[in-house]
>>> print(open('final_34.pdb').read())   # PDB, C-alpha atoms
ATOM      1  CA  MET L  30     -29.012 -33.352  18.706
ATOM      2  CA  ALA L  31     -28.737 -30.224  20.822
ATOM      3  CA  SER L  32     -25.313 -31.247  22.114
ATOM      4  CA  ILE L  33     -24.011 -31.676  18.545
ATOM      5  CA  PHE L  34     -25.337 -28.246  17.675
ATOM      6  CA  LEU L  35     -23.630 -26.734  20.739
ATOM      7  CA  VAL L  36     -20.325 -28.451  19.892
ATOM      8  CA  VAL L  37     -20.460 -27.131  16.322
ATOM      9  CA  LEU L  38     -21.366 -23.656  17.588
ATOM     10  CA  LEU L  39     -18.491 -23.774  20.074
ATOM     11  CA  ALA L  40     -16.060 -24.913  17.355
ATOM     12  CA  ILE L  41     -17.162 -22.093  15.052
ATOM     13  CA  SER L  42     -16.815 -19.590  17.898
ATOM     14  CA  LEU L  43     -13.346 -20.890  18.699
ATOM     15  CA  ILE L  44     -12.225 -20.634  15.077
ATOM     16  CA  HIS L  45     -13.610 -17.101  14.871
ATOM     17  CA  PHE L  46     -11.841 -16.120  18.095
ATOM     18  CA  LEU L  47      -8.528 -17.574  16.899
ATOM     19  CA  ARG L  48      -8.803 -15.661  13.623
ATOM     20  CA  ILE L  49      -9.451 -12.425  15.475
ATOM     21  CA  GLN L  50      -6.451 -13.056  17.735
ATOM     22  CA  ARG L  51      -4.235 -13.822  14.734
ATOM     23  CA  ASP L  52      -5.368 -10.608  13.010
ATOM     24  CA  ILE L  53      -4.606  -8.598  16.149
ATOM     25  CA  GLU L  54      -1.140 -10.147  16.411
ATOM     26  CA  ARG L  55      -0.462  -9.383  12.726
ATOM     27  CA  ARG L  56      -1.608  -5.780  13.121
ATOM     28  CA  ILE L  57       0.573  -5.272  16.202
ATOM     29  CA  ALA L  58       3.572  -6.824  14.449
ATOM     30  CA  ALA L  59       3.023  -4.593  11.418
ATOM     31  CA  GLN L  60       2.836  -1.495  13.620
ATOM     32  CA  ARG L  61       6.159  -2.048  15.370
ATOM     33  CA  ASP L  62       8.156  -0.054  12.815
ATOM     34  CA  THR L  63       5.407   2.416  11.935
ATOM     35  CA  PRO L  64       6.086   6.050  12.895
ATOM     36  CA  ARG L  65       3.986   7.263  15.846
ATOM     37  CA  ASP L  66       2.174   9.956  13.877
ATOM     38  CA  GLN L  67       0.746   7.255  11.597
ATOM     39  CA  LEU L  68      -0.618   5.238  14.516
ATOM     40  CA  VAL L  69      -3.259   7.848  15.369
ATOM     41  CA  PRO L  70      -6.252   8.748  13.173
ATOM     42  CA  ARG L  71      -5.132  11.075  10.376
ATOM     43  CA  HIS L  72      -7.098  10.434   7.166
ATOM     44  CA  TYR L  73     -10.056  12.568   8.208
ATOM     45  CA  LYS L  74      -7.814  15.626   7.781
ATOM     46  CA  SER L  75      -7.837  15.121   4.012
ATOM     47  CA  PHE L  76     -11.536  16.033   3.794
ATOM     48  CA  THR L  77     -10.807  19.511   2.419
ATOM     49  CA  GLU L  78      -8.611  18.019  -0.306
ATOM     50  CA  VAL L  79     -11.328  15.510  -1.221
ATOM     51  CA  GLU L  80     -13.931  18.271  -1.192
ATOM     52  CA  LYS L  81     -11.745  20.422  -3.460
ATOM     53  CA  THR L  82     -11.162  17.543  -5.896
ATOM     54  CA  LEU L  83     -14.881  16.776  -6.045
ATOM     55  CA  TRP L  84     -15.734  20.444  -6.562
ATOM     56  CA  GLU L  85     -13.259  20.737  -9.441
ATOM     57  CA  THR L  86     -14.739  17.633 -11.057
ATOM     58  CA  VAL L  87     -18.291  18.938 -10.660
ATOM     59  CA  GLN L  88     -17.326  22.305 -12.140
ATOM     60  CA  GLN L  89     -15.658  20.655 -15.135
ATOM     61  CA  GLN L  90     -18.809  18.668 -15.816
ATOM     62  CA  LYS L  91     -20.974  21.755 -15.180
ATOM     63  CA  ARG L  92     -23.397  19.672 -13.117
ATOM     64  CA  SER L  93     -24.166  22.258 -10.444
ATOM     65  CA  THR L  94     -23.130  25.598  -9.021
ATOM     66  CA  VAL L  95     -23.458  24.400  -5.417
ATOM     67  CA  LEU L  96     -21.448  21.393  -4.241
ATOM     68  CA  GLU L  97     -23.854  20.756  -1.356
ATOM     69  CA  ASP L  98     -26.623  19.831  -3.845
ATOM     70  CA  VAL L  99     -24.606  17.243  -5.785
ATOM     71  CA  ARG L 100     -25.044  13.537  -5.082
ATOM     72  CA  PHE L 101     -22.249  11.203  -6.098
ATOM     73  CA  LYS L 102     -23.627   7.959  -7.508
ATOM     74  CA  ARG L 103     -21.979   4.629  -8.274
ATOM     75  CA  ARG L 104     -21.568   5.162 -11.994
ATOM     76  CA  GLU L 105     -19.778   8.490 -11.703
ATOM     77  CA  PRO L 106     -15.974   8.719 -11.796
ATOM     78  CA  GLU L 107     -15.748  10.773  -8.600
ATOM     79  CA  PHE L 108     -17.553   8.004  -6.718
ATOM     80  CA  GLN L 109     -14.214   6.180  -6.424
ATOM     81  CA  ILE L 110     -12.757   9.221  -4.640
ATOM     82  CA  VAL L 111     -15.689   9.281  -2.221
ATOM     83  CA  GLN L 112     -15.558   5.540  -1.629
ATOM     84  CA  GLU L 113     -11.813   5.592  -0.928
ATOM     85  CA  TYR L 114     -12.203   8.530   1.455
ATOM     86  CA  VAL L 115     -14.977   6.751   3.385
ATOM     87  CA  ARG L 116     -12.796   3.638   3.634
ATOM     88  CA  ARG L 117      -9.920   5.683   5.102
ATOM     89  CA  VAL L 118     -12.254   7.451   7.553
ATOM     90  CA  ARG L 119     -13.564   4.059   8.712
ATOM     91  CA  GLU L 120      -9.976   2.962   9.268
ATOM     92  CA  ASP L 121      -9.409   6.141  11.303
ATOM     93  CA  PHE L 122     -12.454   5.399  13.415
ATOM     94  CA  ARG L 123     -11.390   1.816  14.107
ATOM     95  CA  ARG L 124      -7.903   2.939  15.068
ATOM     96  CA  GLY L 125      -9.164   5.782  17.277
ATOM     97  CA  HIS L 126     -11.756   3.533  18.881
ATOM     98  CA  ARG L 127      -9.107   0.950  19.803
ATOM     99  CA  ILE L 128      -6.806   3.619  21.277
ATOM    100  CA  TYR L 129      -9.694   5.211  23.192
ATOM    101  CA  GLY L 130     -10.578   1.786  24.588
ATOM    102  CA  GLN L 131      -7.005   1.219  25.765
ATOM    103  CA  VAL L 132      -6.963   4.601  27.489
ATOM    104  CA  ILE L 133     -10.291   3.873  29.181
ATOM    105  CA  ILE L 134      -9.040   0.527  30.469
ATOM    106  CA  HIS L 135      -6.101   2.290  32.126
ATOM    107  CA  SER L 136      -8.179   5.050  33.737
ATOM    108  CA  PRO L 137      -7.362   5.364  37.429
ATOM    109  CA  GLU L 138     -10.815   6.053  38.868
ATOM    110  CA  LEU L 139     -14.212   4.500  38.312
ATOM    111  CA  LYS L 140     -15.837   7.925  37.830
ATOM    112  CA  ILE L 141     -13.380   8.824  35.067
ATOM    113  CA  PHE L 142     -13.822   5.375  33.541
ATOM    114  CA  ALA L 143     -17.609   5.784  33.428
ATOM    115  CA  GLU L 144     -17.391   9.279  31.957
ATOM    116  CA  LEU L 145     -14.907   8.279  29.262
ATOM    117  CA  GLU L 146     -16.951   5.201  28.387
ATOM    118  CA  TRP L 147     -20.107   7.335  28.104
ATOM    119  CA  HIS L 148     -18.352   9.712  25.676
ATOM    120  CA  ARG L 149     -17.079   6.754  23.698
ATOM    121  CA  ILE L 150     -20.570   5.252  23.441
ATOM    122  CA  LYS L 151     -22.035   8.572  22.249
ATOM    123  CA  ILE L 152     -19.370   8.939  19.571
ATOM    124  CA  GLU L 153     -19.723   5.306  18.549
ATOM    125  CA  PHE L 154     -23.501   5.553  18.272
ATOM    126  CA  ALA L 155     -23.291   8.704  16.122
ATOM    127  CA  TYR L 156     -20.608   7.127  13.951
ATOM    128  CA  TYR L 157     -22.566   3.939  13.280
ATOM    129  CA  ARG L 158     -25.716   5.938  12.591
ATOM    130  CA  TRP L 159     -23.895   7.992   9.935
ATOM    131  CA  CYS L 160     -22.223   4.849   8.593
ATOM    132  CA  ALA L 161     -25.680   3.373   8.072
ATOM    133  CA  VAL L 162     -26.845   6.557   6.337
ATOM    134  CA  THR L 163     -23.715   6.535   4.173
ATOM    135  CA  TRP L 164     -24.177   2.865   3.281
ATOM    136  CA  LEU L 165     -27.811   3.452   2.385
ATOM    137  CA  ARG L 166     -27.010   6.532   0.297
ATOM    138  CA  PHE L 167     -24.208   4.703  -1.501
ATOM    139  CA  ARG L 168     -26.705   2.120  -2.669
ATOM    140  CA  THR L 169     -29.684   4.367  -3.412
ATOM    141  CA  VAL L 170     -29.707   8.076  -4.302
ATOM    142  CA  GLY L 171     -25.990   8.764  -3.941
ATOM    143  CA  ILE L 172     -23.989  10.447  -1.224
ATOM    144  CA  SER L 173     -23.555  14.171  -0.782
ATOM    145  CA  ILE L 174     -20.854  16.300   0.762
ATOM    146  CA  LYS L 175     -23.142  16.909   3.760
ATOM    147  CA  GLU L 176     -23.087  13.230   4.717
ATOM    148  CA  LEU L 177     -19.327  13.032   4.219
ATOM    149  CA  ARG L 178     -18.883  16.117   6.382
ATOM    150  CA  GLN L 179     -20.987  14.603   9.188
ATOM    151  CA  LEU L 180     -18.990  11.383   9.145
ATOM    152  CA  THR L 181     -15.750  13.370   9.106
ATOM    153  CA  GLU L 182     -16.819  15.524  12.060
ATOM    154  CA  ILE L 183     -17.586  12.466  14.168
ATOM    155  CA  VAL L 184     -14.224  10.876  13.418
ATOM    156  CA  ALA L 185     -12.497  14.228  14.011
ATOM    157  CA  THR L 186     -14.181  14.451  17.421
ATOM    158  CA  LEU L 187     -12.935  10.980  18.319
ATOM    159  CA  ALA L 188      -9.446  11.811  17.051
ATOM    160  CA  PHE L 189      -9.404  15.051  19.066
ATOM    161  CA  ARG L 190     -10.352  13.196  22.247
ATOM    162  CA  VAL L 191      -7.719  10.529  21.597
ATOM    163  CA  ARG L 192      -5.006  13.092  20.893
ATOM    164  CA  SER L 193      -5.891  15.193  23.937
ATOM    165  CA  MET L 194      -5.779  12.129  26.218
ATOM    166  CA  LEU L 195      -2.467  10.993  24.759
ATOM    167  CA  ASN L 196      -1.029  14.510  25.076
ATOM    168  CA  THR L 197      -2.114  14.580  28.723
ATOM    169  CA  PHE L 198      -0.302  11.301  29.373
ATOM    170  CA  GLU L 199       2.793  12.492  27.532
ATOM    171  CA  SER L 200       2.928  15.812  29.368
ATOM    172  CA  SER L 201       2.795  13.963  32.693
ATOM    173  CA  GLY L 202       5.932  12.031  31.682
ATOM    174  CA  ASN L 203       4.333   8.779  30.521
ATOM    175  CA  VAL L 204       5.817   8.693  27.027
ATOM    176  CA  LYS L 205       6.542   4.957  27.157
ATOM    177  CA  PHE L 206       2.971   4.302  28.260
ATOM    178  CA  VAL L 207       1.608   6.298  25.316
ATOM    179  CA  ASP L 208       3.913   4.478  22.938
ATOM    180  CA  SER L 209       2.765   1.107  24.271
ATOM    181  CA  ILE L 210      -0.891   2.102  23.910
ATOM    182  CA  LEU L 211      -0.319   3.192  20.307
ATOM    183  CA  ARG L 212       1.607   0.055  19.404
ATOM    184  CA  GLN L 213      -0.766  -2.366  21.137
ATOM    185  CA  SER L 214      -4.025  -0.945  19.784
TER     186      SER L 214
END
>>> encode(input="final_34.pdb", output="C-alpha cells")
Amino acid sequence: MASIFLVVLLAISLIHFLRIQRDIERRIAAQRDTPRDQLVPRHYKSFTEVEKTLWETVQQQKRSTVLEDVRFKRREPEFQIVQEYVRRVREDFRRGHRIYGQVIIHSPELKIFAELEWHRIKIEFAYYRWCAVTWLRFRTVGISIKELRQLTEIVATLAFRVRSMLNTFESSGNVKFVDSILRQS
C-alpha cells in the first residue's frame, strides 16, 4: 500500500515538475523579442498614477478628505484599479526575484553569495508578509493606500538592487552576460 502511495506521489511530482519546466520554457521563448527595459521590474513605478486616480475617484464621491483613511472594498469601482495594480506589482516581484536569483548564482565569492542571499531573504520575507496583509485586507475590511505603499516600497527596493547589480555588470563590460540573465530569468 505504501509503495503504491509513493508511486502516485512520485508521478504527481513528476507531472508538476514537467509543467513548471514547460512554463519556464514558454516564458523564455516569449521574452526573446521583448525589449530589455521590459524585462526588469517596472510596474511599481506607476504607484503615483494609481494613487492619483484613486484620489480623484474619492474626491468625486466625497468620501473623505484624506486618502490615507480610505479603504477600498470589493464592491467599489476603484477596487479593480487596486487589484490590477497589486497583480502587476506581484509580477514585478516575481521577475525581480528570478533575476536576483540568477545574479546570486553567478556571484564569484562565497561571502558575496551569502550576503546577497541574506538580502534576498529579507526582501522576500517582507514581501510575503505584506502580501498576506494585502490578501487579508482584500477579503475583510478593504485595503488602504498605506498597505499599497508598503508593498510598492518592498518591490521598489528589490528592483533597485536588481538594477544596481545589472548596471555594475554592464559597466564592467559584461553586456552579453546581463542580456542572458534577463532573457533566461
>>> resolve_selection(input="final_34.pdb", expression="the PyMOL selection byres ((chain L and resi 153-165) around 10)", output="list of chain:residue names")
L:Val115, L:Arg119, L:Phe122, L:His126, L:Trp147, L:His148, L:Arg149, L:Ile150, L:Lys151, L:Ile152, L:Arg166, L:Phe167, L:Arg168, L:Thr169, L:Val170, L:Gly171, L:Ile172, L:Ser173, L:Glu176, L:Leu177, L:Gln179, L:Leu180, L:Thr181, L:Glu182, L:Ile183, L:Val184, L:Leu187
>>> residues_around(input="final_34.pdb", residues="stretch 73-80 of chain L", least_positions_apart="5", cutoff="8 Å", atoms="all atoms listed in the file", output="JSON, numbers by chain")
{"L": [110, 111, 114, 117, 118, 121, 174, 178, 181, 184, 185]}
>>> residues_around(input="final_34.pdb", residues="L:Val191", least_positions_apart="3", cutoff="12 Å", atoms="all atoms listed in the file", output="ChimeraX atom specification")
/L:68-71,121-122,124-133,145,148-149,152,184-188,194-198,207,210-211
>>> residues_near_point(input="final_34.pdb", point="(-16.9, 21.6, -5.6)", cutoff="9 Å", atoms="only C-alpha atoms", output="JSON, numbers by chain")
{"L": [80, 81, 82, 83, 84, 85, 86, 87, 88, 93, 94, 95, 96, 97, 99]}
>>> axis_aligned_box(input="final_34.pdb", around="stretch 113-122 of chain L", padding_each_side="6 Å", output="JSON")
{"center_x": -12.2, "center_y": 5.7, "center_z": 6.2, "size_x": 17.6, "size_y": 17.6, "size_z": 26.3}
>>> atom_distance(input="final_34.pdb", atom1="atom CA of L:His72", atom2="atom CA of L:Glu113")
10.5 Å
>>> atom_distance(input="final_34.pdb", atom1="atom CA of L:Ser32", atom2="atom CA of L:Ile49")
25.5 Å
>>> atom_distance(input="final_34.pdb", atom1="atom CA of L:Arg212", atom2="atom CA of L:Arg61")
6.4 Å
>>> decode(input="final_34.pdb", residues="stretch 126-146 of chain L", atoms="C-alpha atoms", output="mmCIF file, in the first residue's frame")
data_model
loop_
_atom_site.group_PDB
_atom_site.id
_atom_site.type_symbol
_atom_site.label_atom_id
_atom_site.label_comp_id
_atom_site.auth_asym_id
_atom_site.auth_seq_id
_atom_site.Cartn_x
_atom_site.Cartn_y
_atom_site.Cartn_z
ATOM 1 C CA HIS L 126 13.243 37.736 -7.672
ATOM 2 C CA ARG L 127 14.183 35.499 -10.614
ATOM 3 C CA ILE L 128 16.782 37.999 -11.874
ATOM 4 C CA TYR L 129 18.208 38.456 -8.366
ATOM 5 C CA GLY L 130 18.488 34.676 -8.052
ATOM 6 C CA GLN L 131 20.376 34.429 -11.345
ATOM 7 C CA VAL L 132 22.796 37.138 -10.239
ATOM 8 C CA ILE L 133 23.356 35.393 -6.906
ATOM 9 C CA ILE L 134 24.101 32.090 -8.624
ATOM 10 C CA HIS L 135 26.824 33.794 -10.668
ATOM 11 C CA SER L 136 28.446 35.579 -7.717
ATOM 12 C CA PRO L 137 32.192 34.971 -7.675
ATOM 13 C CA GLU L 138 32.814 34.613 -3.939
ATOM 14 C CA LEU L 139 31.056 32.716 -1.188
ATOM 15 C CA LYS L 140 30.988 35.800 1.066
ATOM 16 C CA ILE L 141 29.241 37.857 -1.615
ATOM 17 C CA PHE L 142 26.888 34.960 -2.316
ATOM 18 C CA ALA L 143 25.904 34.720 1.358
ATOM 19 C CA GLU L 144 25.400 38.471 1.678
ATOM 20 C CA LEU L 145 23.278 38.724 -1.463
ATOM 21 C CA GLU L 146 21.210 35.713 -0.422
#
